Amino acid sequence: MKKQSTPIDESQHLISIKGLKKSFGDLHILRGIDLELYKGENLVVLGRSGTGKSVLIKIISGLLKPDEGTVHVLGYEVDKISIKELQKLRLKIGFSFQSSALYDSMTVKENLEFPLVRNSAHLTKKEIAFQIEDVLEGVGLLQALNQMPSELSGGQRKRIGIARTLIMRPEIMLYDEPTAGLDPITCIEINKLINEVQAQYNTSSIIITHDLTCAKSTGDRVMMLLEGRFAQTGTFEEVFASEDERIQTFYKYNFTS
Amino acid sequence: MQKYRHYSSSMKRSGKYIVSRKIDQIFINLYDVYKFILRFFKEVLFPPYEFKEVVRQCYEIGYKSLPLITLTGFITGLVFTKQSRPSLADFGATSWLPSLVSIAIIRALAPLVTALITAGKVGSQIGAELGSMNVTEQIDAMEVSGTNPFKFLVVTRMLATTFMIPLLAVYTCIVSLIGSYINVNQNEQTSYSSFVVSALQNISFLDLFSSIIKTTLFGFTIGAVGCYQGYNSSKGTEGVGKAANSAVVVSMFLIFIEEILVVQIVNAIR
Ligand SMILES: Nc1ncnc2c1ncn2[C@@H]1O[C@H](COP(=O)(O)OP(=O)(O)OP(=O)(O)O)[C@@H](O)[C@H]1O
Ligand SMILES: [Mg+2]
């Protein structure tokens with residue numbers, strides 16, 4: 001069970017989404033999403049493949065444009081602000097991609113340097129090196145400093161991907177399927193890392209997953225995405241106490257497969 | 001600046017077409033290309049500049065093409081000279097060979113050979129590289145980390161091809177003329193100095209100038225097409241293959257069209 005480390009402040013909404021809709025052609029993916037992310041919490045978004053979980057956080061980070069509805073992140077309306085403001089806002093959002101998205105032509109060190117040298121021009125070489133080591137140590141991969149992404153395992157890539165976003169000290173973390181494709185033990189390690197990040201860096205996170213173990217061990221609050229809307233919100237136990245057949249099916253198949 | 005990369009103009013209208021889906025799509029694509037090139041000119045002028053990456057790309061694109069260019073350039077010069085000799089020999093005019101060959105090489109062969117070779121080698125490389133970065137969400141990752149992927153990936157590569165292809169073409173000229181000299185020297189025992197003198201006799205400033213302009217244009221085309229195809233590739237492994245493929249096909253097609261246009265213009269000036 002999850003240990004509570006930082007207090008959650010429900011009066012502060014870091015992300016606030018109202019009536020969000022998104023379609024691709026005739027595919028109506030998101031059909032009216034309402035979501036609040038409180039300060040300090042880990043919010044898990046559960047849903048089957050193809051329900052638009054990735055689309056949701058891509059809209060939050062301004063990679064995709066919403067069709068309808070409003071998306072406020074740290075007080076800014078993401079699709080209305082200028083590109084300059086958006087770039088600044090994005091520095092406060094860490095995005096851990098489903099595929100890790102490490103730059104495969106660069107070493108781990110260069111991957112971590114990339115956002116840092118471009119956005120914190122005042123840092124000296126020494127300070128940059130120190131920060132890289134610090135954040136790598138945090139994810140337990142100091143020895144990978146000079147390796148290429150292709151030489152790393154899936155779990156290690158995930159960690160480096162998380163380290164690359166942590167290096168900018170974000171206020172919000174968005175994790176897209178942090179445990180997908182990893183073995184159960186590595187999954188547990190990643191879950192632990194997510195909780196450590198929450199405690200150490202004081203981040204508030206949205207964790208997108210279809211893995212119930214991950215949801216249970218990281219989530220302060222769980223939201224269940226069904227057919228483009230949130231069907232159920234609450235703690236893990238509350239959500240799966242629901243009588244909704246679709247939620248029960250989701251629960252059953254997650255543990256039997 | 002374009003805020004939503006995945007929001008191409010083709011997505012704006014779904015369902016209604018002005019002419020037909022295919023024809024509409026062609027014009028929409030042309031409009032996207034126009035915006036892409038416009039964006040290049042906007043972003044190349046304003047800081048931050050990615051000097052280090054431009055240099056690295058110049059190395060990747062220019063230096064690493066040297067072996068292939070050397071081989072093709074040398075053989076082009078040698079074979080072209082060899083094959084031209086019999087028809088000149090009929091008139092007893094083999095002494096014209098150096099000047100004939102050098103005109104052909106400088107005006108047409110070297111720029112075209114360089115452009116076609118690099119369109120194949122560099123164009124496909126750029127298309128595949130950016131395409132796979134797009135598929136694996138690396139471009140998105142750059143975008144959300146507060147950097148401008150267009151500047152880092154596209155502008156640097158387009159600058160590198162625009163600078164390097166003319167340089168490579170000059171190099172091809174020299175290598176081809178060496179190939180030609182070797183053949184002439186074997187057959188007519190022409191000395192090095194008299195070969196150079198007669199080779200450069202009929203080359204005007206306009207020839208050199210138009211070749212440089214032409215290859216700059218070719219380089220820009222190869223970079224722009226490769227980057228456009230890769231940066232806007234569809235998701236999935238198939239998208240990467242398609243991006244690499246159309247980078248080569250489209251840029252070769254455009255190179256031939258540009259060649260014809262430039263020749264017309266230069267001949268009108270001459
Ligand atoms: N850029 C896009 N253009 C067109 N369709 C898209 C685009 N992005 C996503 N989609 C569609 O939206 C749907 C939801 O995609 P999404 O990636 O959000 O699913 P997901 O919930 O993250 O699933 P998974 O668990 O497999 O990652 C898919 O059917 C996909 O085809
Ligand atoms: Mg997804």
# chains A, B, ... in the order shown; residues from 1 in each chain; ligands from 1
>>> closest_atom_pairs(of="chain A", to="ligand 1", cutoff="6 Å", atoms="only C-alpha atoms and all ligand atoms", output="JSON lines")
{"residue": "A:Phe24", "atom": "CA", "partner": "ligand 1", "partner_atom_place_in_ligand_line": "5 (N)", "distance": 5.2}
{"residue": "A:Ile29", "atom": "CA", "partner": "ligand 1", "partner_atom_place_in_ligand_line": "12 (O)", "distance": 5.9}
{"residue": "A:Arg48", "atom": "CA", "partner": "ligand 1", "partner_atom_place_in_ligand_line": "25 (O)", "distance": 5.9}
{"residue": "A:Ser49", "atom": "CA", "partner": "ligand 1", "partner_atom_place_in_ligand_line": "25 (O)", "distance": 3.5}
{"residue": "A:Gly50", "atom": "CA", "partner": "ligand 1", "partner_atom_place_in_ligand_line": "19 (O)", "distance": 3.5}
{"residue": "A:Thr51", "atom": "CA", "partner": "ligand 1", "partner_atom_place_in_ligand_line": "21 (O)", "distance": 4.1}
{"residue": "A:Gly52", "atom": "CA", "partner": "ligand 1", "partner_atom_place_in_ligand_line": "18 (O)", "distance": 3.1}
{"residue": "A:Lys53", "atom": "CA", "partner": "ligand 1", "partner_atom_place_in_ligand_line": "21 (O)", "distance": 3.8}
{"residue": "A:Ser54", "atom": "CA", "partner": "ligand 1", "partner_atom_place_in_ligand_line": "18 (O)", "distance": 3.7}
{"residue": "A:Val55", "atom": "CA", "partner": "ligand 1", "partner_atom_place_in_ligand_line": "18 (O)", "distance": 3.9}
>>> select_by_dssp(residues="range 51-198 of chain B", states="alpha helix (DSSP H)", output="ChimeraX atom specification")
/B:51-61,66-89,97-104,110-118,124-135,138-144,149,156-188,192-198
>>> interface_residues(of="chain A", to="chain B", cutoff="8 Å", atoms="only C-alpha atoms", output="number ranges by chain")
A: 25, 61-65, 83, 87-88, 90-91, 93-95, 97, 99, 101-103, 115, 118-119, 165
>>> residues_around(residues="Met223 in chain A", least_positions_apart="4", cutoff="8 Å", atoms="only C-alpha atoms", output="PyMOL selection string")
chain A and resi 43-46+230-234+239
>>> closest_residue(among="A:Lys58, A:His72, A:Lys192, A:Arg221", to="ligand 2", atoms="only C-alpha atoms and all ligand atoms")
A:Lys58
>>> atom_distance(atom1="CA of Asp207 in chain B", atom2="CA of Ile106 in chain B")
7.2 Å
>>> residues_around(residues="Pro149 in chain A", least_positions_apart="3", cutoff="9 Å", atoms="only C-alpha atoms", output="list in words")
Leu102, Tyr103, Asp104, Ser105, Met106, Thr107, Val108, Leu152, Ser153, Gln156, Arg157 and Ile160 of chain A
>>> closest_residue(among="A:Tyr76, A:Tyr38, A:Phe240, A:Tyr175", to="ligand 2", atoms="only C-alpha atoms and all ligand atoms")
A:Tyr175
>>> atom_distance(atom1="CA of Ile190 in chain A", atom2="CA of Ile60 in chain A")
22.9 Å
